[in-house]
Amino acid sequence: MNYRKFSLLRTGPCRYACPDLRHSGRHGPRHGGIISSMTAAGVVSSLSGGLRAPVALWRHHPVADQSVDGLVDATLAFQQRFPADIVKITPASSFQLRDLGQTDAWTGDRLGRRDFGPALVSAPEDWMKVIECSPSESHLSLHFQAARRLRSQIPRETPLVQTIFDPMFQACTLARGVWEDHIHTVPHLVRAALDVLTDRTVRMIETFRDIGVDGVFLAVQHGTRPEYGALGLGRALACVRAAGPDAVNLVHLHGAGHPEWFATSFAGSILHTSFEDNPAVLDEAARHPDLWLAGGLAPSLLAQSTAAEVFAATKAIRSCMANRRFLLGAGCVIWPETPAANIDAFLGAAREG
Ligand SMILES: [Zn+2]
């Protein structure tokens with residue numbers, strides 16, 4: 001069944017409901033509720049027995065994301081206007097690469113993303129620039145400042161998570177255009193660079209943790225590539241572990257067509273993805289109701305539907321997920337042009353008893 005059709009028209013049974021939990025009362029307490037502790041378990045299993053759904057949603061803050069003040073103010077303003085149960089810090093996707101020499105620019109992207117400049121790696125020997133780099137971390141330090149200020153201004157009981165792009169995203173970005181060639185012709189250099197990027201990312205996450213950030217939002221953008229299992233997954237898991245045992249971690253599968261094994265690969269984290277784009281993952285997740293799942297309406301629908309449609313669709317998704325561990329959001333970053341009335345309708349449907 002087409003998820004969009006279901007969610008908007010509310011026809012037929014939900015393919016994503018857990019089949020094991022359709023017999024209510026036989027499998028323990030319902031999950032879902034507002035956040036009561038700093039642990040991921042607390043996020044999804046506390047309090048109200050499904051009367052409310054915990055919510056996390058976010059958007060890019062183009063231009064504002066280029067300064068500490070801008071990013072802090074934009075994040076706080078969005079949270080104040082649209083209060084969520086988890087606050088995500090959403091920097092530009094270049095923020096881990098700028099100190100390595102990667103350039104980028106704002107060119108008016110619809111989702112608020114920045115475009116990358118020329119790739120740092122083109123010839124095989126260019127990987128040595130990554131392997132031997134000792135970055136000053138001057139740009140990164142701005143993001144530590146932003147996290148520190150946000151932590152001081154957001155109530156301690158509200159988890160604050162830092163967006164982190166996984167090592168394979170970083171390496172693929174640095175080697176745009178030659179990645180596929182290099183993983184076959186110089187795999188030892190690619191692996192060595194990935195290891196360096198992973199070590200640096202782990203140190204970065206440990207610093208965010210020391211600042212008081214409660215976990216990471218790990219963006220996985222190359223999960224459908226055939227080499228992800230060999231080159232990406234283990235290093236992504238190292239990043240998640242670096243956030244600490246009690247962290248509230250989200251792992252975001254960006255894009256469509258991820259294989260079903262992703263459903264169980266990040267157990268202990270909250271797996272976030274677009275439902276309609278990843279049916280195999282959702283079907284597998286339905287067989288594991290104790291795993292944490294997050295997502296919701298596609299950002300395009302959130303932006304382009306009427307408020308009434310958003311409300312109905314959000315209620316339908318809540319109903320679908322009522323008997324599993326679930327955090328309500330959008331399938332990916334919401335569009336900056338999304339009408340405020342639609343986000344209000346989303347929040348209203350999430351919090352209506
Ligand atoms: Zn995404």
# chains A, B, ... in the order shown; residues from 1 in each chain; ligands from 1
$ residues_near_ligand --ligand "ligand 1" --cutoff "9 Å" --atoms "only C-alpha atoms and all ligand atoms" --output "mmCIF file with C-alpha atoms, in the first residue's frame"
data_model
loop_
_atom_site.group_PDB
_atom_site.id
_atom_site.type_symbol
_atom_site.label_atom_id
_atom_site.label_comp_id
_atom_site.auth_asym_id
_atom_site.auth_seq_id
_atom_site.Cartn_x
_atom_site.Cartn_y
_atom_site.Cartn_z
ATOM 1 C CA ALA A 219 23.273 11.522 9.199
ATOM 2 C CA VAL A 220 23.829 8.493 6.959
ATOM 3 C CA GLN A 221 23.556 9.584 3.343
ATOM 4 C CA HIS A 252 19.001 9.244 10.022
ATOM 5 C CA LEU A 253 18.843 7.207 6.825
ATOM 6 C CA HIS A 254 18.710 9.839 4.117
ATOM 7 C CA GLY A 255 17.133 8.953 0.802
ATOM 8 C CA HIS A 272 14.867 8.007 11.685
ATOM 9 C CA THR A 273 13.891 7.859 8.038
ATOM 10 C CA SER A 274 11.276 8.609 5.429
ATOM 11 C CA GLY A 331 10.765 12.038 7.099
ATOM 12 C CA CYS A 332 13.706 14.399 6.647
ATOM 13 C CA VAL A 333 14.515 18.050 7.253
#
$ residues_around --residues "range 156-173 of chain A" --least-positions-apart "3" --cutoff "7 Å" --atoms "only C-alpha atoms" --output "list of chain:residue names"
A:Ser37, A:Met38, A:Asp85, A:Ile86, A:Val87, A:Lys88, A:Ile89, A:Thr90, A:Arg176, A:Trp179, A:Leu194, A:Leu197, A:Thr198, A:Val213, A:Asp214, A:Gly215, A:Val216, A:Phe217, A:Leu218, A:Ala219, A:Val220, A:Gln221, A:His222, A:Gly232, A:Arg235, A:Ala236
$ write_last_selection --atoms "C-alpha atoms" --output "PDB file, in the first residue's frame"
ATOM      1  CA  SER A  37      14.740  11.082  31.137  1.00  0.00           C
ATOM      2  CA  MET A  38      17.964  11.526  29.260  1.00  0.00           C
ATOM      3  CA  ASP A  85      10.657  17.197  22.855  1.00  0.00           C
ATOM      4  CA  ILE A  86      14.159  16.942  21.411  1.00  0.00           C
ATOM      5  CA  VAL A  87      16.158  19.889  20.103  1.00  0.00           C
ATOM      6  CA  LYS A  88      18.472  19.156  17.199  1.00  0.00           C
ATOM      7  CA  ILE A  89      21.358  21.432  16.307  1.00  0.00           C
ATOM      8  CA  THR A  90      21.396  21.625  12.518  1.00  0.00           C
ATOM      9  CA  ARG A 176      33.161  13.662  -5.192  1.00  0.00           C
ATOM     10  CA  TRP A 179      35.019   7.943  -5.012  1.00  0.00           C
ATOM     11  CA  LEU A 194      38.143   6.883   6.620  1.00  0.00           C
ATOM     12  CA  LEU A 197      37.993  10.872   9.687  1.00  0.00           C
ATOM     13  CA  THR A 198      36.392   8.441  12.131  1.00  0.00           C
ATOM     14  CA  VAL A 213      24.971  17.609  24.454  1.00  0.00           C
ATOM     15  CA  ASP A 214      22.830  14.536  25.073  1.00  0.00           C
ATOM     16  CA  GLY A 215      23.495  12.639  21.884  1.00  0.00           C
ATOM     17  CA  VAL A 216      24.049  12.790  18.175  1.00  0.00           C
ATOM     18  CA  PHE A 217      21.851  12.886  15.129  1.00  0.00           C
ATOM     19  CA  LEU A 218      24.017  10.788  12.847  1.00  0.00           C
ATOM     20  CA  ALA A 219      23.273  11.522   9.199  1.00  0.00           C
ATOM     21  CA  VAL A 220      23.829   8.493   6.959  1.00  0.00           C
ATOM     22  CA  GLN A 221      23.556   9.584   3.343  1.00  0.00           C
ATOM     23  CA  HIS A 222      25.283   6.745   1.481  1.00  0.00           C
ATOM     24  CA  GLY A 232      30.597   2.829   6.405  1.00  0.00           C
ATOM     25  CA  ARG A 235      32.644   3.562  11.492  1.00  0.00           C
ATOM     26  CA  ALA A 236      29.138   4.979  11.895  1.00  0.00           C
TER      27      ALA A 236
END
$ closest_residue --among "A:Ala349, A:Asp210, A:Leu297, A:Ile343" --to "Arg81 in chain A" --atoms "only C-alpha atoms"
A:Ile343
$ atom_distance --atom1 "CA of Pro289 in chain A" --atom2 "CA of Ser305 in chain A"
29.7 Å
$ residues_around --residues "Val196 in chain A" --least-positions-apart "4" --cutoff "7 Å" --atoms "only C-alpha atoms" --output "list in words"
Ile131, Ala192 and Arg200 of chain A
$ write_last_selection --atoms "N, CA and C atoms" --output "mmCIF file, in the first residue's frame"
data_model
loop_
_atom_site.group_PDB
_atom_site.id
_atom_site.type_symbol
_atom_site.label_atom_id
_atom_site.label_comp_id
_atom_site.auth_asym_id
_atom_site.auth_seq_id
_atom_site.Cartn_x
_atom_site.Cartn_y
_atom_site.Cartn_z
ATOM 1 N N ILE A 131 44.768 12.177 5.288
ATOM 2 C CA ILE A 131 45.408 11.293 6.261
ATOM 3 C C ILE A 131 46.401 12.056 7.141
ATOM 4 N N ALA A 192 42.342 4.207 4.967
ATOM 5 C CA ALA A 192 43.164 4.969 5.923
ATOM 6 C C ALA A 192 42.548 6.344 6.174
ATOM 7 N N ARG A 200 38.710 11.450 14.168
ATOM 8 C CA ARG A 200 38.444 12.881 14.399
ATOM 9 C C ARG A 200 36.987 13.101 14.799
#
$ residues_around --residues "range 113-117 of chain A" --least-positions-apart "5" --cutoff "7 Å" --atoms "only C-alpha atoms" --output "JSON list (two decimals) with N, CA and C atoms, in the first residue's frame"
[["chain", "number", "residue", "atom", "x", "y", "z"],
["A", 60, "HIS", "N", 16.85, 23.48, 8.26],
["A", 60, "HIS", "CA", 18.11, 24.19, 8.09],
["A", 60, "HIS", "C", 17.89, 25.68, 8.36],
["A", 62, "PRO", "N", 19.68, 28.52, 6.75],
["A", 62, "PRO", "CA", 20.70, 29.02, 5.81],
["A", 62, "PRO", "C", 21.13, 30.44, 6.15],
["A", 92, "ALA", "N", 25.34, 23.53, 8.86],
["A", 92, "ALA", "CA", 25.55, 23.19, 7.45],
["A", 92, "ALA", "C", 26.32, 21.87, 7.37],
["A", 102, "GLN", "N", 37.77, 22.03, 2.85],
["A", 102, "GLN", "CA", 36.63, 21.96, 1.95],
["A", 102, "GLN", "C", 35.87, 23.29, 1.98],
["A", 103, "THR", "N", 35.64, 23.84, 0.81],
["A", 103, "THR", "CA", 34.88, 25.09, 0.73],
["A", 103, "THR", "C", 33.42, 24.79, 0.43],
["A", 104, "ASP", "N", 32.59, 25.80, 0.66],
["A", 104, "ASP", "CA", 31.18, 25.67, 0.32],
["A", 104, "ASP", "C", 30.60, 27.06, 0.13],
["A", 105, "ALA", "N", 29.36, 27.11, -0.34],
["A", 105, "ALA", "CA", 28.73, 28.42, -0.59],
["A", 105, "ALA", "C", 27.22, 28.27, -0.50],
["A", 106, "TRP", "N", 26.58, 29.36, -0.16],
["A", 106, "TRP", "CA", 25.13, 29.41, -0.14],
["A", 106, "TRP", "C", 24.63, 29.86, -1.51],
["A", 107, "THR", "N", 23.83, 29.02, -2.16],
["A", 107, "THR", "CA", 23.34, 29.36, -3.50],
["A", 107, "THR", "C", 21.83, 29.30, -3.59]]
$ closest_residue --among "A:Pro187, A:Pro135, A:Pro279, A:Pro339" --to "Gln304 in chain A" --atoms "only C-alpha atoms"
A:Pro339
$ atom_distance --atom1 "CA of Gly268 in chain A" --atom2 "CA of Leu293 in chain A"
10.4 Å
$ atom_distance --atom1 "CA of Leu142 in chain A" --atom2 "CA of Phe266 in chain A"
29.2 Å
$ select_by_dssp --residues "range 78-188 of chain A" --states "strand (DSSP E or B)" --output "JSON, numbers by chain"
{"A": [87, 88, 89, 104, 105, 115, 116, 160, 161, 162, 163, 164, 165]}
$ write_last_selection --atoms "C-alpha atoms" --output "tab-separated table (two decimals), in the first residue's frame"
chain	number	residue	atom	x	y	z
A	87	VAL	CA	16.16	19.89	20.10
A	88	LYS	CA	18.47	19.16	17.20
A	89	ILE	CA	21.36	21.43	16.31
A	104	ASP	CA	31.18	25.67	0.32
A	105	ALA	CA	28.73	28.42	-0.59
A	115	ASP	CA	26.74	23.70	-2.03
A	116	PHE	CA	30.24	22.27	-1.78
A	160	LEU	CA	19.85	18.41	22.88
A	161	VAL	CA	21.39	16.45	20.00
A	162	GLN	CA	24.18	17.49	17.67
A	163	THR	CA	24.02	16.66	13.99
A	164	ILE	CA	27.03	14.63	12.90
A	165	PHE	CA	27.68	13.46	9.36
$ residues_around --residues "Lys129 in chain A" --least-positions-apart "3" --cutoff "10 Å" --atoms "only C-alpha atoms" --output "list in words"
Leu100, Gly101, Leu120, Val121, Glu125, Asp126, Glu132, Cys133, Ser134 and Ala193 of chain A
